[in-house]
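Here the structure comes first, spelled out in structure tokens, and everything after it is commentary.
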Amino acid sequence: MVCGWCSWILTEPDKTAVEYSHQLNDRIKAAIAMAGGALDFSDFMSLALYSPGLGYYSAGQTRFGHGGDFITAPLVSSFFAKALAGQAAVVLASLGSGDVLEFGAGNGQMAYDLLCELDRLGHCPEHYYVVDVSADLKATQAKTLAGLPAHLRNRVEWLDRPPGAGFRGVVIANEVLDALPVRRFEREVSGVSALGVGEEDGRLCWRKTPADQVLIDAVAEIEADIGEPLAEGYQSEWCPSLAPWVNELGRLLDQGLILLIDYGYPRREFYHPQRGMGTLVCHYRHHAHDDPFFWPGLQDITAFVDFTAVARAGVNSGLELAGFATQGNFLAGAGIGQILEREAAGDPNRAAELAQQVKPLLFPDEMGERFKVMAFSRSLPVTLPAFSFVDHCDRL
């Protein structure tokens, strides 16, 4: 199923991948028929990403790195995980002991680097838990982490779901929130319409339907927060599972820190008039585009994160908002410059080489500004050094 401009710009996948995509496409069409001809976009996105055996995060294709569809901060440089480890070490030291819980561990590289750096700092967690929905990714993570020394490897444990209440330590989710399924809507003079998914001439297509009360209320809350109605024709996204997901973190954390890293904006910036077509973005072989119907199951589908909604959900669940900053400012406050100096060991050539590695993580025109870091805490006896550089909680 090739749609729009993607069909002639992006490279066609191999025959095996095409067959998987066709199978998923048939599954989506069946869901559309069962829904009466229009499937809510969040349901489509859930099928496209997580459908067992066929979804993007469930099948076996390469997703991360130069041979996949996109690259994440832990794969840009190990300095990302080392900077996070420094903050985790502060928390674990203040608690006396504790665990680390990582959601959506990708290919396992961040877990590997975090554990090695925490070991170097003398603050290894008792357990390093990984929660991931993909069996295929769990196997990849296990392969990556098999290279750890035994005393670190034996601390790693995979969980099918988050642990129960009483967790003490550090929770990390890097590029997880952007993959939560979203609903799409359009503001019209007469009210709000849902932008769902239909089928036309054998192809998936956008299908506009009247919004239900849940979506109407969500848009009304957005407009109340930004202080004005959205313009006629304005299209965007709202994530119904965002607050429940954050509430789950509030339920499980007894004492410690939560770090959420993702691309997104505070609400007033998210629903800015200049973003009248929304924030939906798809990734296929390092090309970003806006066609979610291009080869279902073979591309990532994401939306930017409404960090005001994240902050509100966290505070409502009893967590303390401990900081909000751009990734670049967070890493600077976390001492990434000092880590670079340590690794360079006085060698100016090595220092220049490492500086080139970390530049994409810090610079505003790369990951440094687009990605944000939000922290929540509960009963934490220390403040986080990383937010001492800049804290933008006032923008929320």
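Letters A, B, ... go to the chains of the structure tokens in the order shown; residues in each chain start at 1; ligands are counted from 1 in the same order.
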
(Q) If DSSP is run on the backbone, what residues of segment 144-336 of chain A are strand (DSSP E)? A reply as a count of residues only would be ideal. (A) 72

Q | Contact residues around Lys359 of chain A with only C-alpha atoms at 10 Å, ignoring same-chain residues under 4 positions, as a PyMOL selection string | A | chain A and resi 76-77+328+354-355+363-364+366-368

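Non-sequential neighbours of Asn25 of chain A (distance at most 10 Å, separation of 5 or more positions within a chain, only C-alpha atoms) are Met1, Glu19, Tyr20, Ala30, Ala31, Leu47, Ala48, Leu54, Gly202, Arg203, Leu204, Phe293, Trp295, Pro296 and Gly297 of chain A.
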
Shell of 12 Å around Cys393 of chain A, only C-alpha atoms, local chain residues under 3 positions omitted, as a tab-separated table (two decimals) with C-alpha atoms, in the first residue's frame:
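Result file follows (part_7.tsv):
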chain	number	residue	atom	x	y	z
A	265	TYR	CA	6.43	21.33	23.28
A	266	PRO	CA	4.54	23.00	26.11
A	307	PHE	CA	4.55	18.39	27.87
A	308	THR	CA	1.95	20.51	29.63
A	310	VAL	CA	2.53	15.33	30.91
A	311	ALA	CA	3.27	17.77	33.74
A	312	ARG	CA	-0.40	18.03	34.69
A	320	GLU	CA	6.56	16.59	42.21
A	321	LEU	CA	7.59	18.31	38.97
A	322	ALA	CA	11.35	18.40	39.45
A	323	GLY	CA	12.47	20.05	36.20
A	324	PHE	CA	11.85	20.75	32.54
A	325	ALA	CA	14.55	21.75	30.05
A	326	THR	CA	15.73	21.27	26.52
A	372	LYS	CA	13.01	18.04	26.04
A	373	VAL	CA	13.66	16.41	29.40
A	374	MET	CA	11.00	16.39	32.11
A	375	ALA	CA	11.67	15.11	35.60
A	376	PHE	CA	9.30	14.06	38.37
A	387	PHE	CA	18.37	21.39	36.03
A	390	VAL	CA	18.30	25.99	33.01
A	396	LEU	CA	4.39	24.90	30.98

Q: Would you mind writing down, as an NGL selection string, each residue of segment 126-366 of chain A that DSSP on the backbone assigns to alpha helix (DSSP H)?
A: :A and (135-145 or 150-153 or 213-226 or 242-252 or 267-270 or 307-316 or 327-333 or 336-344 or 348-362)

Q: Excluding segment 184-186 of chain A and residues on its chain fewer than 3 positions from it, collect all residues at most 6 Å away from it, counting only C-alpha atoms, and give them as an MDAnalysis selection string.
A: chainID A and resid 192:195 233:237
